[in-house]
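Asker: Quick one: the structure is below, and I'll ask about it shortly.
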Amino acid sequence: MSTATTYAHTPGFYSGDRPEIVTSRFRYDDSYTIERFLATEGYEGLKAALARPATAIHEEVKNATVLGRGGAGFPAGTKWGLTPPGVFPRYLVVNGDESEPGTYKDRLLMERDPHQLIEGCLIACYAAGLSQCFLYIRGEMALAQERVATALNEAYAAGYIGKNILGTDFSVDMVLHWGAGAYVVGEETALIESLEGNRGMPRLKPPFFPAAIGLYGKPTIVNNVETLANLPWLLCHGADEYVKIGTPTSPGTRMVAVSGHVKRPGVFEIVNGTTTFRDLIYGDEFCQGIRNGNELKAFVPGGGSAPWFIADQLDLPFEGRLVGAAGSMLGSGAIMVMDDTTDIPAAALTLTRFYAHESCGKCAPCREGGTWLMRILERVVAGIGTSRDLDQLYEVGETICPGAFPHASSTALDIPAVPFPYKMTTICFVGPSAYAPIHSALTLFRDEFEAKIVKRTFIPVTAVGAGQ
Amino acid sequence: MSRLTEDNVRVALEIIGRYPKARSATIPLLHLAQQQDGYVTNDAIQHIGELVGSTSAEVFGTATFYEMFKFEPVGKYLVNICATLSCALMGADQLMHHAEHVLGIKAGSTTADGMFTLEHAECQAACTEAPTLQVNYRYRFNVTNETFDELIADLRAGRLNDEIPGHGTVARIRQRIPADRAVGAQAPDDVTTAPIWMATPLSAEGAST
Amino acid sequence: MTTTESDPNAVSITINGREVTARKGDLIIKAAEDAGEYIPRFCYHERMSSVGMCRMCLVEVDTGRGPQLMPSCMFPVSPGMAVFTDSPTSKAAQEGIIELLLAQHPLDCPVCDKGGECPLQDQSFSHGPGESRYVEEKRHYEKPIPISDLVFLDRERCILCDRCTRFADEVAGDALIQFTHRGNLTQVNTFPDEPFASYFSGNTVQICPVGALTAKPYRFKARPWDLEETESTCTTCSVGCSVAVQSTRDEIVRLQGVDSDPVNWGWLCDRGRFNFEAVNSGDRLGTPLVLTEQGHLATSWNSALDSVRQLLDDALAAGGPSSIAVLGGARGTNEDAFAWARLAHDVLGTPNVSAQMADGLPVGVLGLERATIDQAASATTVILLGPDLKEELPVLYLRLRDAAEKKRTRIIEFTPKASGLTRNAWRTVFYEPGLQDDAVASALQQTDIAEQLATGEVVIIAGRANLAESSAPTVAALVALTAALPNAKVLPALRRGNVVGALQVGLRPGAGGLDSIGILAAAAAGKVECLVLLGADPLSDVPDADLARRALAGAARIIAIDTFATDSNRLAHVVLPAAAFAEKSGTTTNLEGRVTRVAQKVTVHGTARPDWMIAAEIATRLGTDLGFGSVADVTRAINENVDGYEGVNDDSLAAAVDGVIAVSQTIDPINAPLVRFGDRNAYDFRLIVSRTMYDAAVGTQHSPSLADLGVGTAIHVHPLDVARIGSAVGSEVKVTSSRATLVLALTTNDSVQRGTAWVPFNQPGGARIGDLIDIDASVTDVRIESL
Ligand SMILES: Cc1cc2nc3c(=O)[nH]c(=O)nc-3n(C[C@H](O)[C@H](O)[C@H](O)COP(=O)(O)O)c2cc1C
Ligand code: SF4
Ligand code: FES
């Protein structure tokens, strides 16, 4: 029997009897107020941190191996250590641009518990010697912006932010900054360009690793909202407690959103590293299976950029390396489930269109190749494609990602997995991401593409009500 | 066609003051301009350039990169229907067809009465609540044809005026940094030393990783 | 290999398996090129920061972690690195990029100016897949659109390499073109109603790797394969940029910048790039003219030279050698100047010779320890005490801007009015015209400035910031500076193409001789029996218009050598047609003292002759053989006779691509003059008159593309000063100096300081601002009143 509970004020979120590191306050409808926050261990982590030397806090975070939750999964403590010694000022830029298809977690954390995020930022600034913090929130998230603005105003007034925080000589300003609608700006170097008032076009890494050459050319730590939201709990309960949850390689919890053709789509804080995709999609705690008793056809395990999985991969745990070896990535903790009524080419098109549309235009392969892929696929989906088009899709894809491209194994098709990573001719992952869904779909469901070419019929993307 | 009003210039200067470099305020000021006029006028672009010390071309180049900035008038309500995978799987296409039918316009255009502009949008970070839409960036979840019709009716009747401001206004609450609490932004090159609370430098091991 | 061990900057890497030694810090793309492996590229440009945007230069690089695709324009070499420019993956990547770039590119090569010299075309053949599989609709834009008075943009051809936009922002500092929109719709454009009005716009046309940017003066003029080209030096101003002069059917059609490391880095200003149009002008003087009752009549060289001899003989008879004066010669070659110097000093025996036009500095400025442009652009501190370099020495402006942007150099600027470099100056000290020595004195007292000046090399750039004041205040300030900074070197900011060369090889006052002002004054006073105008146009060049007019009226005889008929030579007794730029060869000396070649590319207009030849002919007619049978004879004579030019000869010039430095050692340094001021009335504005890039200069006015670009005559005051004038901006006002009253349009200008007023000099069609200026007064104060 499911113990999962949901609240009117957190649409889509379900808690259960699982550890709650970042969602512990979601149960309160006033969770975003400073009163509630202070009544529930709020700013205790900060106080605990300020009681010890900055380096000790940095060590603590490193020991807990808090994996980045933005997509790359790089340990926060280690990242902070990459700033060149003795070079200042250093900045913190909070990545709240959540826009990876399927991803829904950072918005909840900002809307429901802004003070927790602020506290996490303060801890990071203290530990890594970051003297100013910029909270970059996606432009389309009006409520999150208002909640964070209010929280910042409260926290400034209450002395948690600004000059001599809590009477110590720790002083830091936190500035709320809005985006204006550009997915690529979520990429950390583009985020920095955008924050400098420029077009959000990624910079090349190297040399522009933010930790070394970031905002205004100074060392800059870019961390995801969820990553930072982990810190208050970590500082209150210590790294030892933190690593007791999850696995050594993936400690703690993770926010995941499961959307698409499941009975009960939702956002869950799950135990990292152990929870499997089967648990998530079929588990009573979680999504309770495919809607209308339909069959699972495919699912995207880690946001729109990730190569697709099929039933064969259901028993993989939510663990980066294993998923990488199986031919995909965990990315931003976004799972999109497609049942057997799904028109696969049309589904792939929605993602390819997304990445083609969101290309910043800097790299020729992404700017031209992404749109070219989209045009071809549009023809195929519209039922006016030729069989030449299918090879063409691979060939254009090759210009973006020369060489083998990762994909899942399939017993039915009797093909082995091709593991991560892939070669790319672009600066960032937007280019390859336009190809990823096409490659997965073509590799695992080529017959559906051929069907369209032969039959030239048009099946709508969705099958709402199918089987009802 | 208007520059920022005196009041908005005051707000603009306050925002600029928070950043180590004025140019960083470009996007916030573009939002401010759009809030003032409903869209970003050329005069506003010039004015912003003067305020942050960029050429108009630079501000224009930045502004046109971002989806949210409009350069000619749009409807009072901008209706963005998400079209990305999760929503598509749950019927975004039908919803868009319905919306086009109800509003009598194609996606990407504005109703004659200037009330509504309808647009395809990309993932809105509410994928579990698909299909979703935003009206001036306020969410509506699990939208059905019926709830869509109600929404339009409510907007027409002004029943949602409190919740949903006219196009241009995103967040209605602004950050205010009290002067007595502010540390103050410093030009990046003026800072060279570690902040005082960094009693000891980062551990060599950490620094060398 | 021994070099590798000994040389700390050597990095040994392998390229396609071959061991090569690269320089530390070299980018892979450059190291490979030096090693003979050309990696295709579009966005990469040696003189601009790398952006890794076009992805054309992707190659597989193995730094120990297995081969990775890397943009070779972004990564410096590292020891042991293995580069594979033609591995299957590298080739696949490059072919892919070409196909993608061509996907949207129109196939209009046959009608494209770039066709035949197009990197996209060339690299498609060398590195492309050969066939395109792109069958979709291409992007369409209105084509081509003018983005400035000189440049057109075809967005369909653009491959978005970021070269023009990077140049505008990074190099020129005029970020007026930008990428707009996003992704597949990204385009280059200007802000709707703000054109790409940059003095350097022509460079973007030159560096565009496709035919997206085209220059009005060249569009559809020629096909690259019909072009003949020769390297030369631009003599529009004294920076002396290296250029390739390109012609077809014996007509100049284009100038391209050539990368001279110590000088122009490949850049040109638009004036230098496009004013070759004047050389092709139909208005050029093609035959000698003699003055008759019916005005000027064409005549033969023979009779013209006879008249010249006659005029000179008469002058000698009437007033002796010193009654003859030679004015000008700064626009020709060293050879022209030297031949005329010999004629004037040795044959005619007059000391009254000057290559300046009462708008420069005393010759003694060339006696100060001379700096090179490189020394200025790498000095710890540069002190600017002169004109707005962006207006008068544009490419020097680019070099100094770069030095300041890259934080190599701090600029301390003394100026009466904000200049093009004010944005980049570490300190700008505004002074009231005439008071620059006070400004300098008090600046030197400031501790931060003193500390800065104590930290490293200092280069002073000295010239005339204001034509409405005498040179005395500037000289006084300069002397104060050199006294306070004995180790500082000086770069003279004198403007005309070969003014430094002309002065150094002898077109300067001899012992007891008159300088340009003295010559004009003497002529005005009727003391000059024969005035020779050597490409000189006093009426447009001399700040004091009244003096110029009186001088021309007072000179008993006038002989003019020029390329065009001007107001000044309208009354000359004889006018001899001179060969123009690219019609003659020889050498020129830039402001550093750098001697480089100027080359003939087209045959002379009509029967025009180079100045040096004319001088030789006149000498012969006066009974002296200067021994100049060819330009080489003159070059040799300079080498043998002129101090500083000992090292300048055919061999050294052939050997040194970037020219040979020649600095005169025997010119006495300037010393402080005394400065006297008239008393200033509180209602008055102190007047600043200075040049802008485009003015009524002959070369500009006869270049159709440039003729209309002048800023126009108006009196500019600080916005807050308008009130006390009591006239609306745009209305006409009465401007009165001790000399005259003019009616000028009133306008405001933030770069003008309060209490001063600025008027651009010598604008086409405008009122003669020179009427207000009294060359003898230290400064000019004017009263501005509403009509
Ligand atoms: C195309 C692209 C989009 C991205 N979008 C986001 C995003 O929306 N939010 C985010 O936190 N990280 C995003 N990332 C990851 C960031 O670049 C960066 O790795 C992350 O913010 C670092 O924070 P973390 O270490 O705490 O995960 C994106 C990366 C790429 C390549
Ligand atoms: S891959 Fe696409 S989005 Fe990323 S930098 Fe290149 S062009 Fe921009
Ligand atoms: S030349 Fe290297 S990416 Fe363009």
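Identifiers in this document derive from the order of the structure tokens: chains are assigned A, B, ..., residues are numbered from 1 separately in each chain, and ligands are numbered from 1 in order of occurrence.
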Need the shell around stretch 287-293 of chain A: protein/DNA/RNA residues with any atom at most 12 Å away, counting only C-alpha atoms. Skip same-chain ones fewer than 3 positions apart. Format as a ChimeraX atom specification?

Answerer: /A:1-2,4,12-14,256-268,277-284,296-299,311,335-341,463-468 /B:89-90,128

Asker: Save the residues we just selected, N, CA and C atoms, as a compact mmCIF listing (two decimals), in the first residue's frame?

Answerer:
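Dumped everything to out31.txt:
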```txt
# COMPACT_ATOMS: atom_id res chain seq x y z
N MET A 1 0.85 -1.20 0.00
CA MET A 1 0.00 0.00 0.00
C MET A 1 0.88 1.24 0.00
N SER A 2 0.58 2.14 -0.88
CA SER A 2 1.45 3.32 -1.01
C SER A 2 1.33 4.24 0.19
N ALA A 4 2.71 7.12 -0.13
CA ALA A 4 3.03 8.40 -0.77
C ALA A 4 1.95 9.43 -0.49
N GLY A 12 2.33 17.65 -8.22
CA GLY A 12 3.22 16.67 -8.80
C GLY A 12 4.20 16.06 -7.82
N PHE A 13 4.37 16.71 -6.66
CA PHE A 13 5.35 16.16 -5.73
C PHE A 13 4.73 15.13 -4.80
N TYR A 14 5.42 14.02 -4.61
CA TYR A 14 4.97 12.98 -3.69
C TYR A 14 6.07 12.67 -2.71
N VAL A 256 13.89 13.39 -8.70
CA VAL A 256 13.64 12.97 -10.08
C VAL A 256 12.19 13.25 -10.44
N ALA A 257 11.99 13.58 -11.69
CA ALA A 257 10.63 13.79 -12.20
C ALA A 257 10.36 12.70 -13.22
N VAL A 258 9.26 11.99 -13.03
CA VAL A 258 8.88 10.98 -14.01
C VAL A 258 7.60 11.47 -14.69
N SER A 259 7.68 11.65 -16.00
CA SER A 259 6.52 12.19 -16.71
C SER A 259 6.18 11.28 -17.88
N GLY A 260 5.09 11.60 -18.53
CA GLY A 260 4.68 10.82 -19.68
C GLY A 260 3.60 9.82 -19.35
N HIS A 261 3.65 8.66 -20.03
CA HIS A 261 2.55 7.71 -19.96
C HIS A 261 2.57 6.81 -18.74
N VAL A 262 2.71 7.37 -17.54
CA VAL A 262 2.63 6.55 -16.34
C VAL A 262 1.33 6.87 -15.62
N LYS A 263 0.91 5.94 -14.77
CA LYS A 263 -0.35 6.13 -14.04
C LYS A 263 -0.30 7.40 -13.21
N ARG A 264 0.85 7.56 -12.48
CA ARG A 264 0.93 8.69 -11.57
C ARG A 264 2.25 9.42 -11.76
N PRO A 265 2.29 10.29 -12.75
CA PRO A 265 3.53 11.06 -12.95
C PRO A 265 3.85 11.84 -11.69
N GLY A 266 5.11 12.04 -11.41
CA GLY A 266 5.42 12.80 -10.21
C GLY A 266 6.88 13.13 -10.04
N VAL A 267 7.11 14.00 -9.05
CA VAL A 267 8.46 14.38 -8.65
C VAL A 267 8.72 13.72 -7.30
N PHE A 268 9.85 13.05 -7.19
CA PHE A 268 10.15 12.32 -5.96
C PHE A 268 11.57 12.61 -5.51
N PHE A 277 15.05 2.04 -12.20
CA PHE A 277 14.02 2.62 -13.06
C PHE A 277 12.72 1.83 -12.92
N ARG A 278 12.85 0.51 -12.69
CA ARG A 278 11.63 -0.27 -12.50
C ARG A 278 10.88 0.23 -11.27
N ASP A 279 11.63 0.44 -10.16
CA ASP A 279 10.98 0.99 -8.97
C ASP A 279 10.22 2.25 -9.33
N LEU A 280 10.90 3.14 -10.05
CA LEU A 280 10.32 4.46 -10.31
C LEU A 280 9.07 4.36 -11.18
N ILE A 281 9.15 3.55 -12.22
CA ILE A 281 8.04 3.52 -13.17
C ILE A 281 6.89 2.63 -12.68
N TYR A 282 7.26 1.51 -12.04
CA TYR A 282 6.22 0.56 -11.63
C TYR A 282 5.94 0.58 -10.14
N GLY A 283 6.90 1.12 -9.34
CA GLY A 283 6.76 1.05 -7.89
C GLY A 283 5.49 1.72 -7.39
N ASP A 284 4.92 1.10 -6.36
CA ASP A 284 3.72 1.61 -5.72
C ASP A 284 3.97 3.00 -5.15
N LEU A 296 5.14 -0.65 -21.73
CA LEU A 296 6.22 0.32 -21.84
C LEU A 296 6.90 0.13 -23.19
N LYS A 297 7.11 1.23 -23.90
CA LYS A 297 7.79 1.12 -25.18
C LYS A 297 9.23 1.61 -25.06
N ALA A 298 9.38 2.78 -24.49
CA ALA A 298 10.71 3.34 -24.29
C ALA A 298 10.65 4.42 -23.22
N PHE A 299 11.80 4.75 -22.67
CA PHE A 299 11.83 5.90 -21.74
C PHE A 299 13.17 6.61 -21.84
N ALA A 311 12.61 -1.48 -22.11
CA ALA A 311 12.35 -2.36 -20.96
C ALA A 311 13.61 -3.08 -20.50
N ILE A 335 12.83 11.63 -16.19
CA ILE A 335 12.48 10.40 -16.89
C ILE A 335 11.17 10.63 -17.64
N MET A 336 11.22 10.37 -18.94
CA MET A 336 10.01 10.55 -19.75
C MET A 336 9.62 9.20 -20.33
N VAL A 337 8.41 8.77 -20.00
CA VAL A 337 7.99 7.41 -20.32
C VAL A 337 7.01 7.40 -21.51
N MET A 338 7.29 6.49 -22.43
CA MET A 338 6.43 6.37 -23.61
C MET A 338 5.82 4.98 -23.66
N ASP A 339 4.50 4.90 -23.77
CA ASP A 339 3.89 3.57 -23.84
C ASP A 339 3.71 3.14 -25.28
N ASP A 340 3.12 1.96 -25.46
CA ASP A 340 3.11 1.36 -26.80
C ASP A 340 2.18 2.08 -27.78
N THR A 341 1.47 3.11 -27.31
CA THR A 341 0.63 3.86 -28.26
C THR A 341 1.41 5.03 -28.87
N ALA A 463 -1.52 9.56 -27.91
CA ALA A 463 -2.65 8.64 -27.99
C ALA A 463 -3.45 8.81 -26.73
N VAL A 464 -3.83 10.05 -26.44
CA VAL A 464 -4.63 10.30 -25.25
C VAL A 464 -5.88 9.42 -25.34
N GLY A 465 -6.23 8.80 -24.25
CA GLY A 465 -7.47 8.03 -24.22
C GLY A 465 -7.32 6.67 -24.85
N ALA A 466 -6.23 6.40 -25.51
CA ALA A 466 -6.08 5.08 -26.12
C ALA A 466 -6.33 4.03 -25.04
N GLY A 467 -7.13 3.07 -25.37
CA GLY A 467 -7.37 2.00 -24.40
C GLY A 467 -8.38 2.39 -23.34
N GLN A 468 -8.91 3.60 -23.39
CA GLN A 468 -9.89 3.98 -22.36
C GLN A 468 -11.29 3.52 -22.74
N LEU B 89 3.31 14.09 -25.33
CA LEU B 89 2.81 12.74 -25.03
C LEU B 89 1.43 12.80 -24.39
N MET B 90 1.13 13.89 -23.74
CA MET B 90 -0.15 13.99 -23.03
C MET B 90 -1.16 14.88 -23.74
N THR B 128 5.48 16.76 -15.21
CA THR B 128 4.60 15.74 -14.62
C THR B 128 3.15 16.20 -14.65
```

Asker: Could you give me, as a PDB file with N, CA and C atoms, in the first residue's frame, every polymer residue with an atom at most 8 Å away from an atom of ligand 3, counting only C-alpha atoms and all ligand atoms?

Answerer:
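That gives us out_5.pdb:
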```pdb
ATOM      1  N   ILE C  29      46.838  25.588 -34.720  1.00  0.00           N
ATOM      2  CA  ILE C  29      46.583  25.947 -36.118  1.00  0.00           C
ATOM      3  C   ILE C  29      47.774  26.710 -36.700  1.00  0.00           C
ATOM      4  N   PRO C  40      42.321  24.074 -42.414  1.00  0.00           N
ATOM      5  CA  PRO C  40      41.318  25.017 -42.919  1.00  0.00           C
ATOM      6  C   PRO C  40      40.679  25.795 -41.770  1.00  0.00           C
ATOM      7  N   ARG C  41      40.255  27.025 -42.049  1.00  0.00           N
ATOM      8  CA  ARG C  41      39.675  27.861 -41.003  1.00  0.00           C
ATOM      9  C   ARG C  41      38.850  28.955 -41.629  1.00  0.00           C
ATOM     10  N   PHE C  42      37.903  29.462 -40.837  1.00  0.00           N
ATOM     11  CA  PHE C  42      37.140  30.635 -41.253  1.00  0.00           C
ATOM     12  C   PHE C  42      37.153  31.706 -40.171  1.00  0.00           C
ATOM     13  N   CYS C  43      36.865  31.335 -38.938  1.00  0.00           N
ATOM     14  CA  CYS C  43      36.739  32.380 -37.908  1.00  0.00           C
ATOM     15  C   CYS C  43      38.089  32.811 -37.363  1.00  0.00           C
ATOM     16  N   TYR C  44      39.064  31.923 -37.421  1.00  0.00           N
ATOM     17  CA  TYR C  44      40.370  32.247 -36.859  1.00  0.00           C
ATOM     18  C   TYR C  44      41.031  33.393 -37.606  1.00  0.00           C
ATOM     19  N   HIS C  45      41.549  34.376 -36.845  1.00  0.00           N
ATOM     20  CA  HIS C  45      42.326  35.469 -37.442  1.00  0.00           C
ATOM     21  C   HIS C  45      43.448  35.816 -36.477  1.00  0.00           C
ATOM     22  N   SER C  50      40.721  34.206 -30.514  1.00  0.00           N
ATOM     23  CA  SER C  50      40.056  33.038 -31.098  1.00  0.00           C
ATOM     24  C   SER C  50      38.696  32.833 -30.452  1.00  0.00           C
ATOM     25  N   VAL C  51      37.723  32.419 -31.256  1.00  0.00           N
ATOM     26  CA  VAL C  51      36.408  32.126 -30.701  1.00  0.00           C
ATOM     27  C   VAL C  51      35.969  30.681 -30.943  1.00  0.00           C
ATOM     28  N   GLY C  52      36.702  29.976 -31.799  1.00  0.00           N
ATOM     29  CA  GLY C  52      36.358  28.570 -32.043  1.00  0.00           C
ATOM     30  C   GLY C  52      34.938  28.410 -32.523  1.00  0.00           C
ATOM     31  N   MET C  53      34.517  29.296 -33.384  1.00  0.00           N
ATOM     32  CA  MET C  53      33.108  29.362 -33.742  1.00  0.00           C
ATOM     33  C   MET C  53      32.741  28.552 -34.979  1.00  0.00           C
ATOM     34  N   CYS C  54      33.586  28.608 -36.009  1.00  0.00           N
ATOM     35  CA  CYS C  54      33.159  27.974 -37.263  1.00  0.00           C
ATOM     36  C   CYS C  54      33.374  26.463 -37.240  1.00  0.00           C
ATOM     37  N   ARG C  55      34.239  26.007 -36.369  1.00  0.00           N
ATOM     38  CA  ARG C  55      34.517  24.572 -36.198  1.00  0.00           C
ATOM     39  C   ARG C  55      35.242  23.970 -37.406  1.00  0.00           C
ATOM     40  N   MET C  56      35.686  24.826 -38.325  1.00  0.00           N
ATOM     41  CA  MET C  56      36.332  24.304 -39.526  1.00  0.00           C
ATOM     42  C   MET C  56      37.693  23.713 -39.207  1.00  0.00           C
ATOM     43  N   CYS C  57      38.333  24.208 -38.168  1.00  0.00           N
ATOM     44  CA  CYS C  57      39.726  23.823 -37.898  1.00  0.00           C
ATOM     45  C   CYS C  57      39.823  22.620 -36.974  1.00  0.00           C
ATOM     46  N   LEU C  58      38.714  21.908 -36.803  1.00  0.00           N
ATOM     47  CA  LEU C  58      38.760  20.730 -35.931  1.00  0.00           C
ATOM     48  C   LEU C  58      39.774  19.718 -36.451  1.00  0.00           C
ATOM     49  N   PRO C  71      39.135  22.214 -31.740  1.00  0.00           N
ATOM     50  CA  PRO C  71      39.338  23.342 -32.646  1.00  0.00           C
ATOM     51  C   PRO C  71      40.780  23.838 -32.487  1.00  0.00           C
ATOM     52  N   SER C  72      41.582  23.667 -33.519  1.00  0.00           N
ATOM     53  CA  SER C  72      43.010  23.964 -33.380  1.00  0.00           C
ATOM     54  C   SER C  72      43.274  25.453 -33.239  1.00  0.00           C
ATOM     55  N   CYS C  73      42.263  26.276 -33.435  1.00  0.00           N
ATOM     56  CA  CYS C  73      42.466  27.727 -33.277  1.00  0.00           C
ATOM     57  C   CYS C  73      42.320  28.134 -31.824  1.00  0.00           C
ATOM     58  N   MET C  74      41.954  27.193 -30.969  1.00  0.00           N
ATOM     59  CA  MET C  74      41.714  27.549 -29.571  1.00  0.00           C
ATOM     60  C   MET C  74      42.774  26.996 -28.629  1.00  0.00           C
ATOM     61  N   CYS C 161      30.989  33.769 -39.019  1.00  0.00           N
ATOM     62  CA  CYS C 161      32.296  33.415 -38.451  1.00  0.00           C
ATOM     63  C   CYS C 161      32.701  34.379 -37.346  1.00  0.00           C
TER      64      CYS C 161
END
```

Asker: Just the number, please: distance in Å from atom CA of C:Pro195 to atom CA of C:Glu413, one decimal.

Answerer: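 Straight-line distance from atom CA of C:Pro195 to atom CA of C:Glu413 works out to 29.0 Å.
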
Asker: Looking only at strand (DSSP E or B) from DSSP on the backbone, list the matching residues of stretch 507-549 of chain C as a VMD selection string.

Answerer: chain C and resid 530 to 534

Asker: Using only C-alpha atoms, select each residue of chain A with any atom at most 7 Å away from an atom of chain C, and give the selection as a PyMOL selection string.

Answerer: chain A and resi 357-365+367-369+371+399+402+425

Asker: Find the residues of chain B in contact range of chain C, meaning any atom within 7 Å when counting only C-alpha atoms, and list them as an mmCIF file with N, CA, C and O atoms, in the first residue's frame.

Answerer:
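Writing the result to iface-v3.cif gives the following:
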```cif
data_model
loop_
_atom_site.group_PDB
_atom_site.id
_atom_site.type_symbol
_atom_site.label_atom_id
_atom_site.label_comp_id
_atom_site.auth_asym_id
_atom_site.auth_seq_id
_atom_site.Cartn_x
_atom_site.Cartn_y
_atom_site.Cartn_z
ATOM 1 N N THR B 55 26.678 49.802 -26.820
ATOM 2 C CA THR B 55 26.036 50.390 -27.988
ATOM 3 C C THR B 55 24.631 49.793 -28.108
ATOM 4 O O THR B 55 24.359 48.706 -27.592
ATOM 5 N N SER B 56 23.774 50.510 -28.819
ATOM 6 C CA SER B 56 22.429 49.975 -29.052
ATOM 7 C C SER B 56 22.514 48.622 -29.738
ATOM 8 O O SER B 56 21.747 47.703 -29.449
ATOM 9 N N ALA B 57 23.482 48.491 -30.645
ATOM 10 C CA ALA B 57 23.626 47.228 -31.369
ATOM 11 C C ALA B 57 23.929 46.085 -30.398
ATOM 12 O O ALA B 57 23.395 44.987 -30.536
ATOM 13 N N GLU B 58 24.749 46.352 -29.401
ATOM 14 C CA GLU B 58 25.062 45.304 -28.430
ATOM 15 C C GLU B 58 23.822 44.907 -27.644
ATOM 16 O O GLU B 58 23.535 43.720 -27.468
ATOM 17 N N PHE B 60 20.756 45.285 -28.564
ATOM 18 C CA PHE B 60 19.831 44.650 -29.517
ATOM 19 C C PHE B 60 20.255 43.205 -29.763
ATOM 20 O O PHE B 60 19.430 42.293 -29.765
ATOM 21 N N GLY B 61 21.556 42.996 -29.925
ATOM 22 C CA GLY B 61 22.067 41.647 -30.150
ATOM 23 C C GLY B 61 21.730 40.735 -28.979
ATOM 24 O O GLY B 61 21.297 39.597 -29.160
ATOM 25 N N THR B 64 17.671 40.169 -28.764
ATOM 26 C CA THR B 64 17.045 39.294 -29.760
ATOM 27 C C THR B 64 17.418 37.827 -29.570
ATOM 28 O O THR B 64 16.838 36.958 -30.208
ATOM 29 N N PHE B 65 18.385 37.578 -28.700
ATOM 30 C CA PHE B 65 18.789 36.186 -28.448
ATOM 31 C C PHE B 65 17.739 35.474 -27.596
ATOM 32 O O PHE B 65 17.607 34.264 -27.657
#
```

Asker: What does the list of residues within 7 Å of ligand 1 look like if you count only C-alpha atoms and all ligand atoms, written as number ranges by chain?

Answerer: A: 67-76, 95-100, 183-188, 222-225, 227-228, 428-430

Asker: Looking at A:Asp389, A:Glu395, A:Glu269, A:Glu154, which one is nearest to chain B, with distances taken over only C-alpha atoms?

Answerer: A:Glu154

Asker: Using only C-alpha atoms and a distance of at most 6 Å, pull out the residues of chain A that contact chain B, as number ranges by chain.

Answerer: A: 55, 81-82, 85, 88-89, 101-104, 140, 142, 145-146, 149, 162-163, 169-170, 173, 180-182, 195-199, 259-260, 265-266, 350, 462

Asker: With distances taken over only C-alpha atoms and all ligand atoms, which of A:Gly333, A:Gly246, A:Gly320, A:Pro202 is nearest to ligand 2?

Answerer: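 Nearest to ligand 2: A:Pro202.
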
Asker: Could you please write out, as JSON, numbers by chain, every residue of stretch 107-261 of chain C that DSSP assigns to alpha helix (DSSP H)?

Answerer: {"C": [119, 120, 121, 122, 123, 124, 125, 126, 127, 163, 164, 165, 166, 201, 202, 203, 204, 205, 206, 207]}

Asker: Write out as a ChimeraX atom specification which residues come within 7 Å of stretch 107-119 of chain B when counting only C-alpha atoms, dropping same-chain ones fewer than 5 positions away.

Answerer: /B:74-81,100

Asker: Next, write the just-selected residues to a file, as a CSV table (one decimal), in the first residue's frame, keeping C-alpha atoms as the atom set.

Answerer:
```csv
chain,number,residue,atom,x,y,z
B,74,VAL,CA,1.8,41.4,-28.4
B,75,GLY,CA,-1.6,40.6,-26.8
B,76,LYS,CA,-2.4,41.5,-23.2
B,77,TYR,CA,-2.1,37.8,-22.5
B,78,LEU,CA,0.7,35.7,-24.0
B,79,VAL,CA,-0.5,32.1,-24.0
B,80,ASN,CA,2.4,29.7,-24.2
B,81,ILE,CA,1.4,26.1,-24.8
B,100,GLU,CA,-6.2,27.9,-32.2
```

Asker: Between atom CA of A:Gly324 and atom CA of A:Pro416, what is the distance, to one decimal in Å?

Answerer: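 Separation of atom CA of A:Gly324 and atom CA of A:Pro416: 13.5 Å.
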
Asker: Would you kindly return, as a list in words, each protein, DNA or RNA residue with an atom no farther than 9 Å from any atom of A:Ile57, considering only C-alpha atoms and excluding same-chain residues fewer than 6 positions away?

Answerer: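 The neighbour list is Ala49, Leu50, Ile123, Ala124, Tyr126, Ala127, Ala128 and Leu235 of chain A.
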